[in-house]
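Enquirer: For reference, this is final.txt, and it has compact mmCIF, C-alpha atoms.
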# COMPACT_ATOMS: atom_id res chain seq x y z
CA MET Q 1 127.62 125.46 115.04
CA LEU Q 2 128.03 122.14 113.22
CA LEU Q 3 125.09 120.67 115.12
CA PHE Q 4 123.07 123.76 114.41
CA LEU Q 5 123.55 123.47 110.67
CA SER Q 6 123.44 119.72 110.27
CA ASN Q 7 120.31 118.28 108.74
CA LYS Q 8 120.78 115.00 110.59
CA PRO Q 9 122.29 113.82 113.86
CA LEU Q 10 126.06 114.31 113.78
CA SER Q 11 128.19 111.49 115.08
CA ILE Q 12 131.24 112.20 117.19
CA LYS Q 13 133.41 110.60 114.49
CA LYS Q 14 132.02 113.02 111.92
CA ILE Q 15 132.66 116.00 114.22
CA LYS Q 16 136.18 114.72 114.79
CA SER Q 17 136.84 114.40 111.05
CA ILE Q 18 135.67 118.01 110.54
CA THR Q 19 137.22 119.73 113.54
CA GLY Q 20 140.22 117.51 114.15
CA LYS Q 21 139.52 117.57 117.90
CA GLU Q 22 139.85 114.55 120.17
CA ILE Q 23 136.74 112.48 120.89
CA LYS Q 24 137.20 113.12 124.61
CA ASP Q 25 137.18 116.90 124.05
CA ILE Q 26 134.15 116.75 121.75
CA LYS Q 27 132.20 114.78 124.36
CA ALA Q 28 133.18 117.30 127.03
CA ILE Q 29 132.09 120.24 124.86
CA ILE Q 30 128.72 118.63 124.12
CA LYS Q 31 128.22 117.88 127.81
CA ASN Q 32 129.05 121.48 128.69
CA LEU Q 33 126.61 122.77 126.11
CA GLN Q 34 123.90 120.42 127.36
CA SER Q 35 124.28 121.59 130.95
CA GLU Q 36 124.48 125.23 129.85
CA TYR Q 37 121.20 124.98 127.93
CA GLN Q 38 119.58 123.29 130.88
CA GLU Q 39 120.81 125.91 133.34
CA HIS Q 40 119.53 128.79 131.23
CA ASN Q 41 116.26 126.99 130.57
CA ARG Q 42 116.61 127.22 126.80
CA PRO Q 43 113.70 126.04 124.63
CA PHE Q 44 116.06 123.59 122.94
CA PHE Q 45 118.59 120.99 124.00
CA ILE Q 46 121.12 118.62 122.46
CA GLN Q 47 119.66 115.15 122.13
CA GLU Q 48 121.75 112.06 121.63
CA VAL Q 49 119.80 110.15 119.03
CA ALA Q 50 120.42 107.81 116.08
CA LYS Q 51 124.15 107.36 116.69
CA GLY Q 52 124.75 111.10 116.88
CA PHE Q 53 123.82 114.42 118.40
CA SER Q 54 121.20 116.82 117.23
CA PHE Q 55 119.54 120.03 118.33
CA ALA Q 56 116.03 119.30 119.52
CA THR Q 57 113.18 121.43 120.81
CA LYS Q 58 111.70 120.87 124.26
CA PRO Q 59 108.34 119.06 124.35
CA ASP Q 60 106.76 122.18 125.99
CA TYR Q 61 107.01 123.98 122.65
CA ALA Q 62 105.55 121.16 120.58
CA GLU Q 63 102.19 122.91 120.19
CA TRP Q 64 103.75 125.98 118.57
CA ILE Q 65 105.85 123.88 116.23
CA LYS Q 66 102.81 121.82 115.25
CA LYS Q 67 101.00 125.05 114.39
CA MET Q 68 103.98 126.17 112.33
CA TYR Q 69 103.72 122.91 110.35
CA ASN Q 70 99.94 123.41 109.95
CA ASN Q 71 99.20 120.75 112.58
CA GLU Q 72 100.82 118.12 110.41
CA LYS Q 73 101.22 115.11 112.68
CA LYS Q 74 104.34 113.02 112.82
CA TYR Q 75 104.08 109.50 111.47
CA VAL Q 76 102.34 107.23 114.00
CA LEU Q 77 102.94 103.50 113.82
CA SER Q 78 100.28 100.85 114.41
CA LYS Q 79 100.67 98.25 117.17
CA SER Q 80 101.41 95.51 114.67
CA SER Q 81 104.04 97.67 112.96
CA ILE Q 82 105.69 98.39 116.31
CA GLU Q 83 105.67 94.69 117.18
CA THR Q 84 107.23 93.84 113.80
CA LEU Q 85 109.84 96.57 114.22
CA ALA Q 86 110.70 95.29 117.71
CA ILE Q 87 111.22 91.79 116.32
CA ILE Q 88 113.46 93.11 113.54
CA ALA Q 89 115.41 95.37 115.89
CA TYR Q 90 116.22 92.51 118.28
CA ASN Q 91 116.95 89.89 115.64
CA GLN Q 92 118.38 91.80 112.72
CA PRO Q 93 119.19 90.83 110.05
CA ILE Q 94 116.03 88.74 109.89
CA THR Q 95 113.89 87.22 107.12
CA ARG Q 96 110.15 87.67 106.70
CA LEU Q 97 109.57 84.01 107.52
CA GLU Q 98 111.44 84.33 110.80
CA ILE Q 99 109.36 87.37 111.74
CA GLU Q 100 106.16 85.52 110.87
CA LYS Q 101 107.27 82.55 112.95
CA ILE Q 102 107.42 84.79 116.02
CA ARG Q 103 104.28 86.81 115.27
CA GLY Q 104 102.28 83.86 113.99
CA VAL Q 105 100.65 85.92 111.26
CA ASN Q 106 101.50 87.13 107.77
CA CYS Q 107 103.65 90.27 107.83
CA SER Q 108 104.06 91.03 104.09
CA SER Q 109 101.96 94.18 104.03
CA ILE Q 110 103.45 95.51 107.26
CA LEU Q 111 106.97 94.97 105.96
CA LEU Q 112 106.10 96.69 102.70
CA ASN Q 113 104.69 99.65 104.60
CA LEU Q 114 107.74 99.86 106.86
CA LEU Q 115 110.00 99.67 103.81
CA LYS Q 116 108.04 102.41 102.05
CA ASN Q 117 108.34 104.64 105.07
CA ASN Q 118 112.03 103.90 105.48
CA PHE Q 119 111.79 102.34 108.95
CA ILE Q 120 113.49 99.19 107.69
CA LYS Q 121 115.76 98.34 104.80
CA VAL Q 122 116.78 95.27 102.87
CA SER Q 123 120.29 94.40 103.96
CA GLY Q 124 120.94 91.40 101.73
CA ARG Q 125 119.82 87.84 101.23
CA LYS Q 126 120.17 84.89 103.58
CA LYS Q 127 122.26 82.04 102.25
CA VAL Q 128 119.59 79.39 102.68
CA PRO Q 129 117.35 77.71 100.09
CA GLY Q 130 115.24 80.39 98.42
CA ASN Q 131 117.68 83.16 99.38
CA PRO Q 132 115.08 85.20 101.32
CA LEU Q 133 115.58 88.93 101.85
CA LEU Q 134 117.07 90.07 105.15
CA TYR Q 135 115.69 93.14 106.91
CA ARG Q 136 117.29 95.66 109.27
CA VAL Q 137 116.00 98.75 111.02
CA THR Q 138 117.17 102.11 109.71
CA GLU Q 139 118.29 105.38 111.22
CA ARG Q 140 114.70 106.58 110.97
CA PHE Q 141 113.65 103.87 113.43
CA LEU Q 142 116.13 105.23 115.98
CA LEU Q 143 114.99 108.80 115.31
CA HIS Q 144 111.32 107.93 115.54
CA PHE Q 145 111.67 106.37 118.99
CA GLY Q 146 114.44 108.70 120.17
CA LEU Q 147 116.95 105.88 120.60
CA LYS Q 148 120.67 106.55 120.74
CA ASN Q 149 121.61 103.26 119.21
CA ILE Q 150 120.21 99.80 118.66
CA THR Q 151 122.04 98.75 121.84
CA ASP Q 152 119.88 101.28 123.68
CA LEU Q 153 117.11 98.67 123.65
CA PRO Q 154 116.59 96.68 126.86
CA PRO Q 155 117.91 93.09 126.96
CA ILE Q 156 115.20 90.88 125.49
CA ASP Q 157 115.77 88.06 128.00
CA GLN Q 158 114.48 90.26 130.79
CA LEU Q 159 111.17 91.01 129.08
CA GLY Q 160 107.83 89.21 129.08
CA PHE Q 161 107.63 88.16 132.73
CA ASP Q 162 104.59 88.25 134.97
CA ASP Q 163 105.41 91.51 136.61
CA GLU Q 164 105.73 92.89 133.13
CA GLU Q 165 105.12 96.59 133.61
CA ASN Q 166 107.43 97.04 136.59
CA GLN Q 167 110.08 94.92 134.97
CA ILE Q 168 110.10 96.81 131.70
CA THR Q 169 109.94 100.25 133.30
CA LYS Q 170 112.84 99.26 135.51
CA ILE Q 171 114.93 98.00 132.61
CA PHE Q 172 114.27 101.09 130.51
CA SER Q 173 115.12 103.46 133.34
CA GLU Q 174 118.35 101.50 133.88
CA THR Q 175 119.33 101.68 130.22
CA ARG Q 176 118.54 105.39 130.12
CA ASP Q 177 120.92 106.04 133.01
CA MET P 29 66.67 57.48 127.89
CA LYS P 30 64.83 56.08 124.95
CA LYS P 31 61.60 56.42 126.87
CA ASP P 32 62.30 60.14 127.28
CA ASN P 33 63.05 60.48 123.60
CA SER P 34 59.77 58.85 122.62
CA ASN P 35 57.79 61.40 124.65
CA LYS P 36 56.46 64.43 122.88
CA ILE P 37 58.42 67.36 124.23
CA LYS P 38 58.69 71.03 123.33
CA ILE P 39 61.67 72.18 121.25
CA GLU P 40 63.29 74.20 124.09
CA GLN P 41 63.14 71.21 126.44
CA PHE P 42 64.40 68.99 123.69
CA ILE P 43 67.46 71.16 123.09
CA ASN P 44 68.13 71.33 126.80
CA TYR P 45 67.87 67.61 126.87
CA VAL P 46 70.54 67.16 124.18
CA GLN P 47 72.82 69.60 125.94
CA GLN P 48 72.29 67.86 129.27
CA LEU P 49 72.96 64.59 127.56
CA PHE P 50 76.27 65.88 126.26
CA TYR P 51 77.35 67.19 129.66
CA LYS P 52 76.45 63.90 131.28
CA VAL P 53 78.58 62.05 128.71
CA LYS P 54 81.40 64.54 129.17
CA ASN P 55 81.37 64.13 132.95
CA GLY P 56 81.38 60.35 132.61
CA GLU P 57 77.91 59.99 134.15
CA MET P 58 76.61 58.26 131.07
CA ASP P 59 78.04 55.80 128.58
CA PRO P 60 77.91 57.26 125.04
CA ASN P 61 77.31 53.76 123.68
CA GLU P 62 73.87 53.81 125.27
CA ILE P 63 72.76 56.84 123.32
CA SER P 64 71.16 56.36 119.94
CA LEU P 65 72.08 59.33 117.77
CA LEU P 66 69.67 58.17 115.09
CA ASP P 67 66.83 58.32 117.57
CA ILE P 68 67.72 61.85 118.64
CA LEU P 69 68.04 63.02 115.04
CA GLU P 70 64.71 61.53 114.05
CA LYS P 71 62.98 63.26 116.97
CA TYR P 72 64.58 66.54 116.15
CA LEU P 73 63.88 66.44 112.42
CA SER P 74 60.29 65.35 112.91
CA TYR P 75 59.76 68.25 115.27
CA MET P 76 61.48 70.84 113.06
CA ILE P 77 59.98 69.76 109.75
CA LEU P 78 56.55 68.45 110.69
CA SER P 79 55.52 70.71 113.55
CA ARG P 80 57.00 73.92 112.17
CA PRO P 81 56.86 73.64 108.38
CA GLY P 82 58.43 76.44 106.36
CA SER P 83 60.32 78.06 109.24
CA ILE P 84 63.34 77.03 111.24
CA ASN P 85 64.63 78.78 114.32
CA LEU P 86 68.31 79.07 113.45
CA ASP P 87 69.41 79.63 117.04
CA ILE P 88 67.81 76.40 118.16
CA ALA P 89 69.09 74.54 115.11
CA ALA P 90 72.64 75.83 115.73
CA ASP P 91 72.56 74.81 119.41
CA PHE P 92 71.33 71.41 118.44
CA LEU P 93 74.05 70.98 115.81
CA VAL P 94 76.81 71.91 118.28
CA SER P 95 75.55 69.49 120.94
CA VAL P 96 75.02 66.63 118.51
CA SER P 97 78.38 67.23 116.78
CA ASN P 98 80.09 66.92 120.15
CA LEU P 99 78.21 63.72 120.84
CA ILE P 100 79.27 62.34 117.45
CA LEU P 101 82.88 63.26 118.23
CA TRP P 102 82.71 61.46 121.57
CA LYS P 103 81.17 58.41 120.04
CA SER P 104 83.60 58.29 117.11
CA ASN P 105 86.57 58.65 119.50
CA LEU P 106 85.38 55.52 121.25
CA LEU P 107 85.79 53.59 118.01
CA LEU P 108 89.51 54.34 117.89
CA PRO P 109 91.84 51.66 119.26
CA ILE P 110 93.06 52.56 122.75
CA GLN P 111 96.68 51.61 122.03
CA GLN P 112 97.02 54.35 119.45
CA GLU P 113 96.25 57.02 121.99
CA GLN P 114 99.66 56.70 123.66
CA PRO P 115 101.81 58.28 120.89
CA ASP P 116 99.14 60.95 120.36
CA GLU P 117 99.47 62.01 123.97
CA GLU P 118 103.22 62.27 123.63
CA ILE P 119 102.87 64.48 120.59
CA GLU P 120 100.34 66.64 122.38
CA GLU P 121 102.75 67.10 125.26
CA ASP P 122 105.49 68.16 122.85
CA GLU P 123 103.17 70.60 121.17
CA ASN P 124 102.22 72.04 124.53
CA ILE P 125 105.85 72.63 125.39
CA SER P 126 106.59 74.34 122.10
CA SER P 127 103.39 76.34 122.43
CA ASP P 128 104.48 77.58 125.87
CA GLU P 129 107.88 78.46 124.53
CA TYR P 130 106.29 80.24 121.60
CA TRP P 131 104.05 82.30 123.88
CA ALA P 132 106.94 83.19 126.16
CA GLU P 133 108.92 84.34 123.13
CA TYR P 134 106.01 86.23 121.62
CA LYS P 135 105.12 87.86 124.93
CA LYS P 136 108.56 89.42 125.11
CA TYR P 137 108.03 91.30 121.86
CA HIS P 138 104.39 92.02 122.57
CA SER P 139 105.30 93.59 125.90
CA LEU P 140 107.53 96.04 124.05
CA ILE P 141 104.61 97.61 122.19
CA ARG P 142 103.54 99.81 125.10
CA ILE P 143 107.10 100.91 125.77
CA PHE P 144 107.68 101.78 122.14
CA GLU P 145 104.35 103.61 122.02
CA ASP P 146 105.37 105.70 125.03
CA LYS P 147 108.68 106.49 123.43
CA GLU P 148 106.92 107.36 120.18
CA ILE P 149 104.60 109.79 121.99
CA LYS P 150 107.49 111.37 123.90
CA GLN P 151 109.64 111.72 120.81
CA GLY P 152 106.59 113.00 118.90
CA ASP P 153 106.76 116.23 120.91
CA ILE P 154 110.45 116.69 120.25
CA TYR P 155 111.45 118.25 116.97
CA LEU P 156 114.95 117.77 115.65
CA THR P 157 116.79 119.72 113.02
CA TYR P 158 116.45 116.44 111.17
CA LEU P 159 112.74 116.45 110.49
CA ASP P 160 110.21 113.70 109.98
CA PRO P 161 110.28 112.97 106.22
CA LYS P 162 106.50 113.41 106.16
CA ILE P 163 106.94 117.02 107.27
CA GLU P 164 110.21 117.71 105.56
CA ASN P 165 109.02 116.39 102.21
CA LYS P 166 112.33 117.03 100.54
CA GLU P 167 113.58 114.75 97.83
CA LYS P 168 116.49 112.73 99.10
CA TYR P 169 118.72 110.66 96.91
CA GLN P 170 119.46 107.33 98.41
CA THR P 171 122.41 105.13 97.77
CA ASN P 172 121.46 102.47 95.32
CA ASP P 173 123.19 99.23 94.71
CA PHE P 174 122.33 96.47 92.29
CA SER P 175 119.98 94.83 94.82
CA ASP P 176 117.50 97.70 94.23
CA LEU P 177 117.58 97.06 90.50
CA ILE P 178 117.14 93.32 91.03
CA LEU P 179 114.17 93.95 93.32
CA ALA P 180 112.65 96.24 90.69
CA ILE P 181 113.01 93.68 87.90
CA GLU P 182 111.66 90.89 90.14
CA SER P 183 108.55 92.90 90.94
CA ILE P 184 107.98 93.74 87.27
CA LEU P 185 108.44 90.13 86.15
CA SER P 186 106.12 88.84 88.87
CA ARG P 187 103.41 91.17 87.58
CA LYS P 188 104.13 90.24 83.98
CA LYS P 189 102.68 86.81 83.27
CA GLU P 190 103.68 85.08 80.06
CA HIS P 191 100.81 84.65 77.62
CA ASN P 192 99.79 81.04 77.20
CA SER P 193 99.28 81.11 73.46
CA ILE P 194 101.14 83.09 70.84
CA ASN P 195 100.18 82.23 67.29
CA PHE P 196 102.50 84.54 65.46
CA LYS P 197 106.26 84.46 65.21
CA LYS P 198 108.02 85.95 68.21
CA ARG P 199 110.23 88.95 67.70
CA GLU P 200 113.79 88.15 68.61
CA PHE P 201 115.94 90.46 70.67
CA ASN P 202 119.56 90.64 71.45
CA ILE P 203 121.42 92.75 73.98
CA ILE P 204 123.56 94.62 71.43
CA GLN P 205 120.47 95.69 69.49
CA LYS P 206 118.78 96.74 72.70
CA ILE P 207 121.82 98.77 73.82
CA THR P 208 121.74 100.63 70.49
CA GLU P 209 117.99 101.21 70.93
CA ILE P 210 118.46 102.49 74.49
CA GLU P 211 121.28 104.80 73.41
CA GLU P 212 119.04 106.16 70.67
CA ASN P 213 116.28 106.67 73.25
CA PHE P 214 118.73 108.54 75.47
CA ARG P 215 119.51 110.87 72.57
CA GLN P 216 115.81 111.49 71.94
CA ASN P 217 115.00 112.03 75.62
CA LYS P 218 117.87 114.37 76.46
CA GLY P 219 119.90 111.71 78.24
CA LYS P 220 117.19 110.73 80.72
CA LEU P 221 115.01 107.61 80.70
CA SER P 222 112.43 106.29 83.12
CA PHE P 223 112.69 102.59 83.93
CA HIS P 224 108.93 102.11 83.92
CA LYS P 225 108.48 103.92 80.63
CA MET P 226 111.24 101.85 79.06
CA ILE P 227 109.29 98.73 79.92
CA ALA P 228 106.22 99.33 77.85
CA ILE P 229 102.91 97.61 78.57
CA ASP P 230 103.21 95.34 75.53
CA CYS P 231 106.74 94.16 76.40
CA SER P 232 107.10 90.43 76.84
CA ARG P 233 108.98 88.93 79.78
CA MET P 234 111.88 88.11 77.47
CA GLU P 235 112.07 91.70 76.23
CA ILE P 236 112.02 93.04 79.79
CA ILE P 237 114.93 90.76 80.70
CA ILE P 238 116.87 91.88 77.61
CA ILE P 239 116.25 95.55 78.45
CA PHE P 240 117.41 94.90 82.00
CA LEU P 241 120.57 93.12 80.82
CA ALA P 242 121.27 95.89 78.33
CA LEU P 243 120.95 98.49 81.10
CA LEU P 244 123.27 96.48 83.36
CA GLU P 245 125.77 96.30 80.52
CA LEU P 246 125.59 100.08 80.04
CA ILE P 247 126.09 100.60 83.79
CA CYS P 248 129.09 98.26 83.78
CA GLN P 249 130.52 100.15 80.81
CA ASP P 250 130.16 103.29 82.94
CA LYS P 251 127.97 104.92 80.32
CA VAL P 252 124.83 105.12 82.43
CA TYR P 253 123.96 105.71 86.07
CA TYR P 254 120.66 105.65 87.85
CA ILE P 255 118.84 107.46 90.64
CA GLN P 256 115.84 106.51 92.71
CA SER P 257 114.51 109.46 94.67
CA ARG P 258 112.94 107.32 97.40
CA ASN P 259 111.84 103.76 98.07
CA PHE P 260 109.44 102.39 95.43
CA ALA P 261 109.83 105.48 93.26
CA ASP P 262 110.56 105.15 89.57
CA ILE P 263 114.22 104.51 88.73
CA ILE P 264 115.60 107.15 86.39
CA PHE P 265 118.57 106.31 84.18
CA TYR P 266 120.91 109.09 83.07
CA ARG P 267 123.52 109.01 80.34
CA LYS P 268 126.87 109.96 81.88
CA ASP P 269 128.08 112.15 79.03
CA ASP P 270 124.98 114.33 79.27
CA LYS P 271 126.33 117.76 80.17
CA LYS P 272 122.93 119.11 81.07
CA LEU P 273 122.84 117.07 84.26
CA PRO P 274 124.14 118.72 87.41
CA LYS P 275 127.69 117.58 88.01
CA GLU P 276 127.04 117.40 91.71
CA LYS P 277 124.44 114.66 91.28
CA ILE P 278 126.71 112.62 89.04
CA ASN P 279 129.59 112.87 91.48
CA ARG P 280 127.32 111.94 94.32
CA LYS P 281 126.27 108.80 92.51
CA ILE P 282 129.76 107.87 91.39
CA ASN P 283 131.15 108.23 94.88
CA GLY P 284 128.27 106.23 96.23
CA LYS P 285 127.28 108.97 98.64
CA GLU P 286 123.67 109.91 99.15
As structure tokens - that is how I would like this structure written.

Expert:
Amino acid sequence: MLLFLSNKPLSIKKIKSITGKEIKDIKAIIKNLQSEYQEHNRPFFIQEVAKGFSFATKPDYAEWIKKMYNNEKKYVLSKSSIETLAIIAYNQPITRLEIEKIRGVNCSSILLNLLKNNFIKVSGRKKVPGNPLLYRVTERFLLHFGLKNITDLPPIDQLGFDDEENQITKIFSETRD
Amino acid sequence: MKKDNSNKIKIEQFINYVQQLFYKVKNGEMDPNEISLLDILEKYLSYMILSRPGSINLDIAADFLVSVSNLILWKSNLLLPIQQEQPDEEIEEDENISSDEYWAEYKKYHSLIRIFEDKEIKQGDIYLTYLDPKIENKEKYQTNDFSDLILAIESILSRKKEHNSINFKKREFNIIQKITEIEENFRQNKGKLSFHKMIAIDCSRMEIIIIFLALLELICQDKVYYIQSRNFADIIFYRKDDKKLPKEKINRKINGKE
């Protein structure tokens, strides 16, 4: 019921503080519910996303939901924005200059756009000459890509090799399991 | 070589000739010292200007310029002392190493784009009770700290350039006066003031700073609080003793929640 009414993913800690139940029990209940919905082929399921759990609709029903929202599309990020977000996610907190050093191009407008759309936030200033702003990804970043947590990302050291596609797919499938 | 140059040849053959000349020099088949650039230039210019007055084929001219520029580069490199080339090579090697490292590092992040795109598409078909803000479109109150205010004042001051010449006497401000003015404004505006409206177009940088300090003072005295509905939205200041404001909002701000 809490998940049903919550307007954002509910963390286990939050559920514990409300219900007073043990974390172990809460996890078991959620798991039971997940398997129950799957068994009965419900149009919705419980997704673990953005450090919590939330009710989510199955992709098969996306068309109907889109129609309900007058075909309003979800926010789609450009390649450069995704690249910038990936750099921030793996190196956060990070300054603009450090991002630009990796990307090799100016990122001011991309950062501004990501800030405006709440994908990143300013998390303070770096204690170096000039005190540049430090950026971090937000909960919306996790929600947008359906990530459980920032640790859900594959280890960066294993990326970028020759057999890129196989490597990455393998890593992601491993982290999912 | 010089004999060939002295012959009257068509422009196409002439360009081919310069290009061939460059490739021969590049492959070490010919000594660049033997080539007279002046001779080549004279031939070219005489052909372009005298035989085709009033019109120049830009494609041919461009090809010629590229080939001759390369020849000039080769010839000028020969003028450099050989001993100085050693440290240059070392630097080049270092740069190559760092360049490789850079590409390896960049490739890691670049390779993530496709994965993130796939995840974005997959998640795009899943709708949560927590909706995309673009669809939800509800006003959310975010937690503000002083860093938001500092960012706001920095952006205003960066847009506000000080005038170079002021011939009349400047108006002087002080924080106490400004606090009184702001409090009066609060009374006139039912306890609500917009940050952008407070900073009028004709405000000087000094006045903006004084207004900002006065507002900070009022916040520290717990007389005023502020709300920004979303990133980059206008910051609205509320007087705390204003009973018309919903208590819920005030409590939310005081407790630092949402």

Enquirer: At a cut-off of 12 Å, using only C-alpha atoms, what residues contact range 151-157 of chain P? Leave out same-chain residues fewer than 2 positions from it and give the result as a PyMOL selection string.

Expert: (chain Q and resi 2-10+43-50+52-66+68-69+72-77+141-147) or (chain P and resi 144-149+159-161+163-164)

Enquirer: Report, in Å with one decimal, the straight-line distance from CA of Phe214 in chain P to CA of Leu185 in chain P.

Expert: 23.6 Å

Enquirer: What is the CA of Ile94 in chain Q-CA of Val128 in chain Q distance in Å, reported with one decimal?

Expert: 12.3 Å

Enquirer: Select, from P:Glu245, P:Glu62, P:Glu57, P:Glu129, the residue with the minimum atom-to-atom distance to chain Q, counting all atoms listed in the file.

Expert: P:Glu129

Enquirer: In file coordinates, which residues lie within 12 Å of (74.2, 53.7, 124.2) using only C-alpha atoms, given as a list of chain:residue names?

Expert: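 The distance filter leaves exactly P:Met29, P:Lys30, P:Leu49, P:Val53, P:Met58, P:Asp59, P:Pro60, P:Asn61, P:Glu62, P:Ile63, P:Ser64, P:Leu65, P:Leu66, P:Asp67, P:Ile68, P:Leu99, P:Trp102, P:Lys103, P:Leu106.
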
Enquirer: Could you tell me how far CA of Ser35 in chain Q lies from CA of Asn149 in chain Q, in Å and to one decimal?

Expert: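 Result for CA of Ser35 in chain Q versus CA of Asn149 in chain Q: 21.9 Å, one decimal.
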
Enquirer: With only C-alpha atoms as the counted atoms, please give the residues lying no more than 6 Å from range 232-243 of chain P, apart from itself and same-chain residues fewer than 2 positions off, as JSON, numbers by chain.

Expert: {"P": [203, 207, 245, 246]}

Enquirer: May I ask which of the residues Q:Lys121, Q:Lys51, Q:Arg96, Q:His40 is the closest one to chain P, counting all atoms listed in the file?

Expert: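 Among the listed residues, Q:Lys121 lies closest to chain P.
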
Enquirer: Point out the residue among P:Asn217, P:Gln205, P:Asn85, P:Asn259 with the least atom-to-atom distance to chain Q, counting all atoms listed in the file.

Expert: P:Asn259

Enquirer: Would you mind telling me which residue in P:Leu69, P:Val94, P:Leu108, P:Met226 lies nearest to Asn213 in chain P when using only C-alpha atoms?

Expert: P:Met226

Enquirer: Would you list the contacts of Pro93 in chain Q as a PyMOL selection string, taking every protein, DNA or RNA residue within 7 Å and counting only C-alpha atoms, but skipping same-chain residues closer than 4 positions in sequence?

Expert: chain Q and resi 134-136

Enquirer: Which is closest to chain Q among P:Arg187, P:Lys220, P:Lys136, P:Lys268, if we use all atoms listed in the file?

Expert: P:Lys136
